[in-house]
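Next comes start.tsv, with TSV, C-alpha atoms and all ligand atoms.
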```
chain	number	residue	atom	x	y	z
H	1	MET	CA	9.34	-49.03	-208.30
H	2	LYS	CA	11.43	-45.94	-208.91
H	3	TYR	CA	14.34	-47.10	-206.81
H	4	SER	CA	14.70	-50.59	-208.31
H	5	LEU	CA	18.24	-51.88	-207.99
H	6	SER	CA	17.54	-54.70	-210.45
H	7	ASN	CA	17.08	-52.17	-213.26
H	8	LYS	CA	20.33	-50.48	-212.33
H	9	LEU	CA	22.16	-53.82	-212.26
H	10	LEU	CA	20.89	-54.62	-215.76
H	11	GLN	CA	22.61	-51.49	-217.05
H	12	GLY	CA	25.91	-53.18	-216.22
H	13	LEU	CA	27.61	-50.10	-214.78
H	14	PRO	CA	29.43	-50.25	-211.42
H	15	LEU	CA	27.25	-49.30	-208.45
H	16	VAL	CA	29.21	-48.13	-205.44
H	17	GLY	CA	27.71	-48.50	-202.00
H	18	THR	CA	28.79	-48.79	-198.40
H	19	MET	CA	27.75	-50.83	-195.40
H	20	VAL	CA	25.28	-49.37	-192.90
H	21	THR	CA	25.52	-50.83	-189.40
H	22	LEU	CA	24.41	-47.91	-187.23
H	23	PRO	CA	20.71	-47.31	-186.49
H	24	SER	CA	20.93	-43.63	-187.37
H	25	PRO	CA	18.51	-42.17	-189.94
H	26	GLU	CA	20.64	-39.00	-189.86
H	27	LEU	CA	23.75	-40.93	-190.88
H	28	THR	CA	21.75	-42.59	-193.66
H	29	GLU	CA	20.75	-39.16	-194.96
H	30	ILE	CA	24.41	-38.13	-194.91
H	31	LEU	CA	25.43	-41.27	-196.84
H	32	CYS	CA	22.66	-40.67	-199.39
H	33	SER	CA	23.82	-37.10	-199.98
H	34	ALA	CA	27.43	-38.30	-200.29
H	35	GLY	CA	26.42	-39.86	-203.61
H	36	PHE	CA	26.49	-43.60	-202.99
H	37	ASP	CA	24.55	-45.60	-205.59
H	38	TRP	CA	23.17	-48.08	-203.06
H	39	LEU	CA	23.31	-48.88	-199.35
H	40	PHE	CA	24.11	-52.31	-197.90
H	41	ILE	CA	22.18	-52.47	-194.61
H	42	ASP	CA	23.75	-55.17	-192.52
H	43	LEU	CA	21.57	-57.15	-190.14
H	44	GLU	CA	24.04	-60.06	-190.08
H	45	HIS	CA	26.71	-58.39	-187.98
H	46	SER	CA	25.09	-55.24	-186.57
H	47	ALA	CA	22.89	-54.68	-183.52
H	48	MET	CA	20.06	-53.25	-185.61
H	49	SER	CA	16.47	-54.40	-185.30
H	50	ILE	CA	13.85	-54.52	-188.05
H	51	LYS	CA	12.32	-51.36	-186.54
H	52	ASP	CA	15.73	-49.56	-186.69
H	53	THR	CA	16.08	-50.72	-190.28
H	54	GLN	CA	12.65	-49.41	-191.24
H	55	ALA	CA	13.70	-45.96	-189.95
H	56	ILE	CA	16.80	-46.17	-192.16
H	57	LEU	CA	14.67	-47.01	-195.19
H	58	GLN	CA	12.39	-44.08	-194.36
H	59	ALA	CA	15.44	-41.79	-194.25
H	60	ALA	CA	16.77	-43.08	-197.57
H	61	GLY	CA	13.32	-42.72	-199.15
H	62	GLN	CA	13.48	-42.87	-202.93
H	63	GLN	CA	16.95	-41.32	-203.09
H	64	VAL	CA	19.14	-44.41	-202.92
H	65	PRO	CA	18.16	-48.10	-203.20
H	66	CYS	CA	18.76	-50.02	-199.99
H	67	VAL	CA	19.45	-53.70	-199.68
H	68	ILE	CA	19.18	-55.64	-196.43
H	69	ARG	CA	21.61	-58.41	-195.58
H	70	VAL	CA	19.61	-60.82	-193.46
H	71	PRO	CA	21.52	-62.56	-190.64
H	72	VAL	CA	20.96	-66.01	-192.07
H	73	ASN	CA	19.14	-67.78	-194.94
H	74	ASP	CA	15.80	-67.78	-193.17
H	75	GLU	CA	12.18	-67.29	-194.21
H	76	THR	CA	11.20	-65.07	-191.27
H	77	TRP	CA	14.11	-62.65	-191.68
H	78	ILE	CA	13.57	-62.48	-195.43
H	79	LYS	CA	9.84	-61.79	-195.27
H	80	LYS	CA	10.14	-59.22	-192.47
H	81	SER	CA	12.93	-57.44	-194.36
H	82	LEU	CA	10.97	-57.39	-197.62
H	83	ASP	CA	7.80	-56.18	-195.93
H	84	ILE	CA	9.48	-53.03	-194.58
H	85	GLY	CA	10.00	-52.01	-198.21
H	86	VAL	CA	13.53	-52.70	-199.32
H	87	SER	CA	14.90	-52.91	-202.87
H	88	GLY	CA	16.66	-56.21	-202.34
H	89	ILE	CA	17.93	-58.90	-200.04
H	90	ILE	CA	21.45	-60.18	-199.54
H	91	VAL	CA	21.56	-63.70	-198.18
H	92	PRO	CA	24.89	-64.64	-196.57
H	93	GLN	CA	26.72	-67.97	-196.68
H	94	ILE	CA	25.01	-69.68	-199.61
H	95	MET	CA	26.87	-72.98	-200.06
H	96	SER	CA	24.83	-75.03	-202.52
H	97	ALA	CA	22.23	-74.91	-205.30
H	98	GLU	CA	19.62	-76.16	-202.80
H	99	GLU	CA	20.33	-73.26	-200.44
H	100	ALA	CA	20.27	-70.80	-203.34
H	101	ALA	CA	16.90	-72.13	-204.54
H	102	GLN	CA	15.50	-71.91	-201.01
H	103	ALA	CA	16.57	-68.27	-200.63
H	104	VAL	CA	15.01	-67.33	-203.97
H	105	GLN	CA	11.80	-69.12	-203.02
H	106	TRP	CA	11.47	-67.13	-199.79
H	107	CYS	CA	12.01	-63.85	-201.70
H	108	LYS	CA	9.28	-64.44	-204.32
H	109	TYR	CA	5.51	-64.47	-204.06
H	110	PRO	CA	3.61	-67.53	-205.41
H	111	PRO	CA	3.50	-69.09	-207.89
H	112	VAL	CA	7.27	-68.51	-208.30
H	113	GLY	CA	8.08	-68.82	-204.60
H	114	SER	CA	6.43	-69.06	-201.22
H	115	ARG	CA	6.70	-65.54	-199.78
H	116	SER	CA	3.78	-64.85	-197.48
H	117	VAL	CA	1.43	-62.02	-198.43
H	118	GLY	CA	1.03	-59.23	-195.90
H	119	ILE	CA	0.33	-55.53	-195.60
H	120	ALA	CA	3.13	-53.33	-194.32
H	121	ARG	CA	5.35	-50.46	-195.47
H	122	ALA	CA	6.34	-52.25	-198.70
H	123	GLN	CA	2.70	-52.36	-199.78
H	124	GLY	CA	2.12	-48.69	-198.84
H	125	TYR	CA	0.34	-49.98	-195.72
H	126	GLY	CA	-2.27	-51.33	-198.11
H	127	ALA	CA	-2.62	-48.30	-200.36
H	128	HIS	CA	-0.25	-49.72	-203.02
H	129	PHE	CA	-1.00	-53.38	-202.38
H	130	LYS	CA	-1.83	-54.40	-205.95
H	131	THR	CA	0.99	-52.43	-207.59
H	132	TYR	CA	3.45	-53.92	-205.13
H	133	ILE	CA	2.41	-57.56	-205.35
H	134	ASP	CA	2.24	-57.34	-209.16
H	135	SER	CA	5.80	-56.06	-209.43
H	136	ALA	CA	7.62	-57.43	-206.37
H	137	ASN	CA	8.88	-60.66	-207.94
H	138	THR	CA	10.61	-58.83	-210.76
H	139	GLU	CA	11.57	-55.65	-208.89
H	140	THR	CA	13.05	-57.22	-205.76
H	141	THR	CA	16.75	-57.88	-206.16
H	142	VAL	CA	17.93	-61.25	-204.88
H	143	ILE	CA	21.62	-61.22	-204.06
H	144	LEU	CA	23.33	-64.34	-202.78
H	145	GLN	CA	26.65	-64.25	-201.01
H	146	ILE	CA	29.40	-66.57	-202.14
H	147	GLU	CA	31.80	-66.60	-199.24
H	148	HIS	CA	32.75	-70.16	-198.39
H	149	ILE	CA	34.98	-72.71	-200.07
H	150	ASN	CA	31.98	-75.09	-200.27
H	151	ALA	CA	30.17	-72.50	-202.41
H	152	ILE	CA	33.21	-72.32	-204.70
H	153	HIS	CA	33.07	-76.11	-205.10
H	154	ASN	CA	29.35	-75.89	-205.95
H	155	ILE	CA	29.40	-72.71	-208.00
H	156	GLU	CA	28.57	-74.38	-211.33
H	157	SER	CA	25.22	-75.59	-209.98
H	158	ILE	CA	24.51	-72.43	-207.93
H	159	VAL	CA	24.60	-70.19	-211.04
H	160	GLU	CA	21.97	-72.40	-212.70
H	161	ILE	CA	19.28	-71.49	-210.14
H	162	PRO	CA	16.66	-69.16	-211.67
H	163	GLY	CA	15.75	-65.93	-209.87
H	164	ILE	CA	19.21	-64.89	-208.67
H	165	ASP	CA	20.01	-61.29	-209.65
H	166	CYS	CA	23.59	-61.09	-208.42
H	167	LEU	CA	26.31	-63.15	-206.73
H	168	PHE	CA	28.17	-61.14	-204.12
H	169	ILE	CA	31.60	-62.21	-202.88
H	170	GLY	CA	32.39	-61.93	-199.17
H	171	PRO	CA	36.19	-62.01	-199.26
H	172	TYR	CA	36.59	-62.08	-195.47
H	173	ASP	CA	34.46	-65.16	-194.82
H	174	LEU	CA	35.82	-66.78	-197.97
H	175	SER	CA	39.40	-66.32	-196.78
H	176	ALA	CA	38.43	-67.64	-193.33
H	177	SER	CA	36.88	-70.77	-194.86
H	178	MET	CA	40.12	-71.35	-196.78
H	179	GLY	CA	42.31	-71.14	-193.67
H	180	LYS	CA	43.60	-67.66	-194.62
H	181	MET	CA	41.43	-65.37	-192.52
H	182	GLY	CA	41.76	-61.72	-193.56
H	183	HIS	CA	44.32	-62.43	-196.31
H	184	VAL	CA	41.92	-61.24	-198.94
H	185	ASN	CA	44.68	-60.55	-201.47
H	186	ASP	CA	46.08	-64.09	-201.30
H	187	PRO	CA	46.40	-65.62	-204.81
H	188	GLU	CA	44.36	-68.68	-203.78
H	189	ILE	CA	41.46	-66.42	-202.72
H	190	GLY	CA	41.90	-64.51	-205.99
H	191	ALA	CA	41.65	-67.77	-207.95
H	192	ALA	CA	38.46	-68.77	-206.09
H	193	ILE	CA	36.92	-65.34	-206.83
H	194	ALA	CA	37.96	-65.62	-210.50
H	195	LYS	CA	36.20	-69.00	-210.70
H	196	VAL	CA	32.97	-67.43	-209.41
H	197	LYS	CA	33.27	-64.59	-211.94
H	198	LYS	CA	33.80	-67.01	-214.83
H	199	CYS	CA	30.80	-69.19	-213.90
H	200	ALA	CA	28.60	-66.14	-213.23
H	201	ASP	CA	29.58	-64.67	-216.61
H	202	SER	CA	28.68	-67.88	-218.38
H	203	ALA	CA	25.22	-67.72	-216.74
H	204	ASN	CA	24.89	-63.96	-217.45
H	205	LEU	CA	24.75	-63.21	-213.73
H	206	PRO	CA	26.05	-59.89	-212.40
H	207	THR	CA	28.66	-60.09	-209.64
H	208	GLY	CA	29.55	-57.91	-206.69
H	209	ILE	CA	32.16	-57.73	-203.99
H	210	PHE	CA	33.00	-56.03	-200.69
H	211	GLY	CA	36.31	-54.33	-199.97
H	212	MET	CA	37.65	-52.02	-197.29
H	213	THR	CA	39.04	-49.38	-199.67
H	214	PRO	CA	38.50	-48.14	-203.24
H	215	GLU	CA	42.02	-49.41	-204.06
H	216	VAL	CA	41.14	-52.97	-202.98
H	217	VAL	CA	38.01	-53.11	-205.13
H	218	ARG	CA	39.47	-51.33	-208.19
H	219	PRO	CA	40.82	-54.54	-209.84
H	220	TYR	CA	37.41	-56.16	-209.34
H	221	ILE	CA	35.61	-53.20	-210.93
H	222	ASP	CA	38.07	-53.44	-213.83
H	223	ALA	CA	37.33	-57.18	-214.06
H	224	GLY	CA	33.60	-56.45	-214.44
H	225	PHE	CA	32.20	-56.75	-210.90
H	226	ILE	CA	29.37	-54.21	-210.72
H	227	LEU	CA	27.78	-54.31	-207.26
H	228	ILE	CA	30.51	-52.82	-205.12
H	229	ALA	CA	30.41	-52.18	-201.37
H	230	ILE	CA	33.27	-50.21	-199.86
H	231	ASN	CA	33.95	-49.87	-196.15
H	232	VAL	CA	31.56	-49.70	-193.18
H	233	ASP	CA	29.90	-46.60	-191.67
H	234	THR	CA	31.63	-47.03	-188.30
H	235	MET	CA	35.09	-47.20	-189.88
H	236	ILE	CA	34.45	-44.28	-192.24
H	237	PHE	CA	33.53	-42.17	-189.20
H	238	GLY	CA	36.36	-43.54	-187.02
H	239	ASP	CA	39.01	-42.92	-189.68
H	240	ALA	CA	37.80	-39.35	-190.27
H	241	ALA	CA	37.86	-38.68	-186.51
H	242	LYS	CA	41.39	-40.08	-186.16
H	243	LYS	CA	42.62	-37.88	-189.04
H	244	ILE	CA	41.32	-34.75	-187.30
H	245	VAL	CA	42.99	-35.71	-184.04
H	246	ALA	CA	46.31	-36.56	-185.75
H	247	ALA	CA	46.30	-33.38	-187.84
H	248	SER	CA	45.71	-31.17	-184.80
H	249	ARG	CA	48.45	-32.60	-182.56
B	301	LIG	C1	32.74	-60.91	-196.09
B	301	LIG	O1	33.77	-60.42	-196.57
B	301	LIG	O2	32.69	-62.01	-195.51
B	301	LIG	C2	31.50	-60.18	-196.21
B	301	LIG	O3	30.47	-60.71	-195.90
B	301	LIG	C3	31.53	-58.79	-196.74
B	301	LIG	O4	30.32	-58.39	-197.23
B	302	MG	MG	30.65	-62.44	-194.82
```
Transcribe the structure of this file into C-alpha cells.
Amino acid sequence: MKYSLSNKLLQGLPLVGTMVTLPSPELTEILCSAGFDWLFIDLEHSAMSIKDTQAILQAAGQQVPCVIRVPVNDETWIKKSLDIGVSGIIVPQIMSAEEAAQAVQWCKYPPVGSRSVGIARAQGYGAHFKTYIDSANTETTVILQIEHINAIHNIESIVEIPGIDCLFIGPYDLSASMGKMGHVNDPEIGAAIAKVKKCADSANLPTGIFGMTPEVVRPYIDAGFILIAINVDTMIFGDAAKKIVAASR
C-alpha cells in the first residue's frame, strides 16, 4: 500500500496532521494540498457517517494517509472503518491490556485477529482482494489512545500487547480523568504523559499526541513524540475567519 502510515512511523520522523470533523471532500483536498503528513478523521466527536468518511478518503486518495478514530472500542465500527480503505485506526479510551488486545484483535484478519473478511473499497471492490488481505495485517496502523488515569496505571502491561503500532495521548480526556479538565500543561498531566513515553520507549513503541497549537506540541516533538495532530478543521477555519473580520474593522 503506497500510503502506508506504518512505514512512515517506522522512519521515526515527526508526522504532522490535523483533525478532520467536517464531511467535506473539498476541505479534505485543501488540507492535503496544505502539506499535512496525515489526517486524523474523527468519528468519535463529529457528526460524520461512514459514508461521509468514505467520501473523505476518496478525496484524499493516495496523497495523504488517513486514520479514522472510531467512536468507541467496538468491532463493528472498526471493521466498517477498515473496509472503506483507511490507513489506520485510532481507538479511544484504552484503559487496560485486555482492552488493548481486544482492539488489536478486531483490526487484524485471522489467524492474528478476528477481523471479518468482506469486499468493499479497501479490497478494490474485489479487484485487489488478494493483495489487500495479504498485506492488511502489517500495513494497517493500529493506534491506541492513552487518555485516562486508569490507562496510566496500567501502562506497563498495555505496552506489552503485540500488534500496537503507536500510543497516542489525548491530553484533554487525560486531564479530565485527573480532575484537571483542560489544564493540559499541568505538571501532573506532564508527569503522566512522561510515564507513557518512558514505557513506550522501553517497548520500542512510537508515541503521538494531540495539541491545539504548534507551540503546545513542540516540547513533545522535541521529546520524541512522532505522530502529531494539531488543531481541528473547524477551529482552523473559524480562527482564519475571525482574523479577516478583525483586520478589516
Ligand atoms: C483528547 O485530548 O482527549 C483527545 O482525544 C485528542 O485527540
Ligand atoms: Mg479524547
**Item:** Selection within 8 Å of ligand LIG 301 (chain B) by all atoms listed in the file, output as number ranges by chain
**Value:** H: 92, 145, 147, 168-174, 209-211, 229
**Within 7 Å of file point (23.6, -60.9, -198.7), counting only C-alpha atoms, expressed as a list in words** =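 Residues lying no farther than 7 Å from the given point: Arg69, Val70, Ile89, Ile90, Val91, Pro92, Ile143, Leu144 and Gln145 of chain H.
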**Item:** Residue nearest ligand MG 302 (chain B) among H:Ser6, H:Asn231, H:Ser33, H:Ser175 (counting all atoms listed in the file)
**Value:**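 Comparing H:Ser6, H:Asn231, H:Ser33, H:Ser175 against ligand MG 302 (chain B), the winner is H:Ser175.
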**Request:** Write out as a VMD selection string the residues lying within 10 Å of stretch 212-220 of chain H, counting only C-alpha atoms and excluding same-chain residues fewer than 5 positions away.
**Result:** chain H and resid 16 18 184 to 185 193 to 194 197 207 225 to 226 228 to 232 235 to 236
**Prompt:** Which residue out of H:Ile152, H:Asp186, H:Lys198, H:Lys80 has the minimum interatomic distance to H:Ala120 when all atoms listed in the file are used?
**Reply:**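 Looking only at the distances to H:Ala120, the closest residue turns out to be H:Lys80.
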**Message:** Could you check the closest approach to ligand MG 302 (chain B) for each of H:His128, H:His45, H:Lys180, H:Arg249 and tell me which residue wins, using only C-alpha atoms and all ligand atoms?
**Reply:**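 Under the stated criterion, the closest residue is H:His45.
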